[in-house]
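Taking it in order: structure first as structure tokens, then the write-up.
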Amino acid sequence: MRSEEIQVRTGSEEVVHDLTRHCEDFLADVEGDGLLHVWVPHATAGVAVLETGAGSDDDLLAALKDLLPADDRWRHRHGTPGHGRDHVLPALVPPHATIPVLGGVLALGTWQSVCLVDTNVDNPVRKVRLSFLAG
């Protein structure tokens, strides 16, 4: 297995950050088949496979705001008001995704991208672990 950790600056706003290029770069010297596992070692972020750039990324953030409002209902109360919602996020957007790799290329659909989903405005830098398991 080959593994590498990258850092992604997400800033101080909620974001869906496209990781697809990072994944492709990580697989640049892979020629065979296998699985790419993408892991976010954080309690307040997730990984999603979805379309980006046509509004779906903004729609996801809007849906998460509806499902997980940033208000005072959360028992987990440190950080920015409503931060408890960020700790519930990984139950809805898991902190991992596994994507098939065929001939060294991600086997994504036409409009699919691998994305980091981060609603935690208190943590502007995230780690992402990419691991390739050869078939």
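Ordering of the structure tokens sets the chain letters (A, B, ...); residue numbers start at 1 within each chain; ligands are numbered from 1 in the order shown.
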
Output as CSV one row per residue of stretch 35-83 of chain A within 6 Å of stretch 114-133 of chain A: the closest atom pair and its distance in Å to one decimal place, counting only C-alpha atoms, sorted by chain and residue number ascending.
```
residue,atom,partner,partner_atom,distance
A:Leu35,CA,A:Leu133,CA,5.2
A:Leu36,CA,A:Phe132,CA,4.6
A:His37,CA,A:Ser131,CA,5.1
A:Val38,CA,A:Leu130,CA,4.9
A:Trp39,CA,A:Arg129,CA,5.0
A:Val40,CA,A:Val128,CA,4.8
A:Ala45,CA,A:Asp118,CA,4.8
A:Gly46,CA,A:Val117,CA,5.0
A:Val47,CA,A:Leu116,CA,4.7
A:Ala48,CA,A:Cys115,CA,5.2
A:Val49,CA,A:Val114,CA,4.7
```

With only C-alpha atoms as the counted atoms, please give the residues lying no more than 12 Å from A:Asp29, apart from itself and same-chain residues fewer than 5 positions off, as a VMD selection string.
chain A and resid 2 23 to 24 103 to 105 132

Go through A:Thr80, A:Ser113, A:Ser3, A:Ser56 and flag the residue nearest A:Arg21, using only C-alpha atoms for the distances.
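Answer, going by the shortest atom-to-atom distance: A:Ser113.
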
Check the smallest atom-to-atom distance from each of A:His78, A:His83, A:Lys65, A:His22 to A:Leu106 using only C-alpha atoms, then report the winner.
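Among A:His78, A:His83, A:Lys65, A:His22, it is A:His22 that comes nearest to A:Leu106.
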
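Using only C-alpha atoms, the shortest contact distance between A:Leu89 and any of A:Leu60, A:Ala43, A:Asp72, A:Thr52 is found at A:Ala43.
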
From the list A:Ser12, A:Thr44, A:Thr20, A:Thr110, which residue is nearest A:His76 when using only C-alpha atoms?
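Closest to A:His76 of all the choices is A:Thr44.
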
Write down as an MDAnalysis selection string the residues belonging to chain A that are assigned helix (DSSP H, G or I) by DSSP computed on the backbone.
chainID A and resid 20:26 56:67 84:92

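Across stretch 13-113 of chain A, DSSP run on the backbone finds strand (DSSP E) at Val15, Val16, His17, Asp18, Gly34, Leu35, Leu36, His37, Val38, Trp39, Ala45, Gly46, Val47, Ala48, Val49, Leu50, His96, Ala97, Thr98, Ile99, Pro100, Val101, Leu102, Val105, Leu106 and Ser113 of chain A.
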
Prev. selection, C-alpha atoms, output as a JSON list (two decimals), in the first residue's frame:
```
[["chain", "number", "residue", "atom", "x", "y", "z"],
["A", 15, "VAL", "CA", -16.60, 24.85, 1.69],
["A", 16, "VAL", "CA", -16.80, 21.92, -0.69],
["A", 17, "HIS", "CA", -13.18, 21.67, -1.84],
["A", 18, "ASP", "CA", -12.45, 19.59, -4.95],
["A", 34, "GLY", "CA", -6.71, -0.97, -7.29],
["A", 35, "LEU", "CA", -8.53, 1.27, -4.85],
["A", 36, "LEU", "CA", -7.88, 4.83, -3.77],
["A", 37, "HIS", "CA", -8.98, 5.47, -0.21],
["A", 38, "VAL", "CA", -9.44, 9.12, 0.79],
["A", 39, "TRP", "CA", -9.51, 9.73, 4.55],
["A", 45, "ALA", "CA", -15.15, 17.20, 8.08],
["A", 46, "GLY", "CA", -16.20, 14.67, 5.48],
["A", 47, "VAL", "CA", -15.49, 13.36, 1.99],
["A", 48, "ALA", "CA", -18.13, 13.28, -0.73],
["A", 49, "VAL", "CA", -18.23, 12.25, -4.37],
["A", 50, "LEU", "CA", -20.42, 14.70, -6.25],
["A", 96, "HIS", "CA", -13.80, 8.70, 3.88],
["A", 97, "ALA", "CA", -14.43, 7.53, 0.33],
["A", 98, "THR", "CA", -13.02, 4.65, -1.70],
["A", 99, "ILE", "CA", -12.77, 5.03, -5.47],
["A", 100, "PRO", "CA", -11.82, 2.32, -7.97],
["A", 101, "VAL", "CA", -8.65, 2.92, -9.96],
["A", 102, "LEU", "CA", -8.39, 1.28, -13.39],
["A", 105, "VAL", "CA", -6.96, 6.37, -13.54],
["A", 106, "LEU", "CA", -9.78, 7.18, -11.12],
["A", 113, "SER", "CA", -15.43, 14.79, -8.27]]
```

Atom CA of A:Gly135 sits from atom CA of A:Glu4 at a separation of 18.2 Å

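We find atom CA of A:Pro95 and atom CA of A:Pro41 to be spaced 7.2 Å apart.
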
Kindly give the distance, in Å, that separates atom CA of A:Asp58 and atom CA of A:Glu14, rounded to a single decimal.
9.7 Å

Extract, using only C-alpha atoms, all DNA, RNA and protein residues at most 9 Å from A:Gly82, discarding same-chain residues fewer than 4 positions from it, and format them as a PyMOL selection string.
chain A and resi 68-74+76-78+86

Selected residues, N, CA and C atoms, written as a PDB file, in the first residue's frame, please.
```pdb
ATOM      1  N   LEU A  68     -28.422  20.818   9.624  1.00  0.00           N
ATOM      2  CA  LEU A  68     -27.572  21.070  10.783  1.00  0.00           C
ATOM      3  C   LEU A  68     -27.417  22.579  10.988  1.00  0.00           C
ATOM      4  N   PRO A  69     -28.453  23.239  11.496  1.00  0.00           N
ATOM      5  CA  PRO A  69     -28.363  24.694  11.665  1.00  0.00           C
ATOM      6  C   PRO A  69     -27.294  25.093  12.679  1.00  0.00           C
ATOM      7  N   ALA A  70     -26.651  26.207  12.418  1.00  0.00           N
ATOM      8  CA  ALA A  70     -25.611  26.729  13.325  1.00  0.00           C
ATOM      9  C   ALA A  70     -26.280  27.583  14.402  1.00  0.00           C
ATOM     10  N   ASP A  71     -26.941  26.909  15.338  1.00  0.00           N
ATOM     11  CA  ASP A  71     -27.606  27.627  16.425  1.00  0.00           C
ATOM     12  C   ASP A  71     -27.220  27.010  17.766  1.00  0.00           C
ATOM     13  N   ASP A  72     -27.965  27.340  18.792  1.00  0.00           N
ATOM     14  CA  ASP A  72     -27.580  26.913  20.144  1.00  0.00           C
ATOM     15  C   ASP A  72     -28.208  25.589  20.589  1.00  0.00           C
ATOM     16  N   ARG A  73     -28.751  24.793  19.689  1.00  0.00           N
ATOM     17  CA  ARG A  73     -29.380  23.520  20.063  1.00  0.00           C
ATOM     18  C   ARG A  73     -28.365  22.427  20.423  1.00  0.00           C
ATOM     19  N   TRP A  74     -27.098  22.610  20.046  1.00  0.00           N
ATOM     20  CA  TRP A  74     -26.102  21.557  20.161  1.00  0.00           C
ATOM     21  C   TRP A  74     -25.491  21.501  21.559  1.00  0.00           C
ATOM     22  N   HIS A  76     -22.616  20.062  22.244  1.00  0.00           N
ATOM     23  CA  HIS A  76     -21.182  20.304  22.051  1.00  0.00           C
ATOM     24  C   HIS A  76     -21.030  21.797  21.775  1.00  0.00           C
ATOM     25  N   ARG A  77     -20.460  22.554  22.704  1.00  0.00           N
ATOM     26  CA  ARG A  77     -20.578  24.011  22.630  1.00  0.00           C
ATOM     27  C   ARG A  77     -19.280  24.804  22.544  1.00  0.00           C
ATOM     28  N   HIS A  78     -18.133  24.210  22.405  1.00  0.00           N
ATOM     29  CA  HIS A  78     -16.935  25.058  22.291  1.00  0.00           C
ATOM     30  C   HIS A  78     -16.835  25.623  20.878  1.00  0.00           C
ATOM     31  N   ASP A  86     -20.888  20.848  13.469  1.00  0.00           N
ATOM     32  CA  ASP A  86     -19.734  20.357  12.716  1.00  0.00           C
ATOM     33  C   ASP A  86     -19.329  18.961  13.172  1.00  0.00           C
TER      34      ASP A  86
END
```
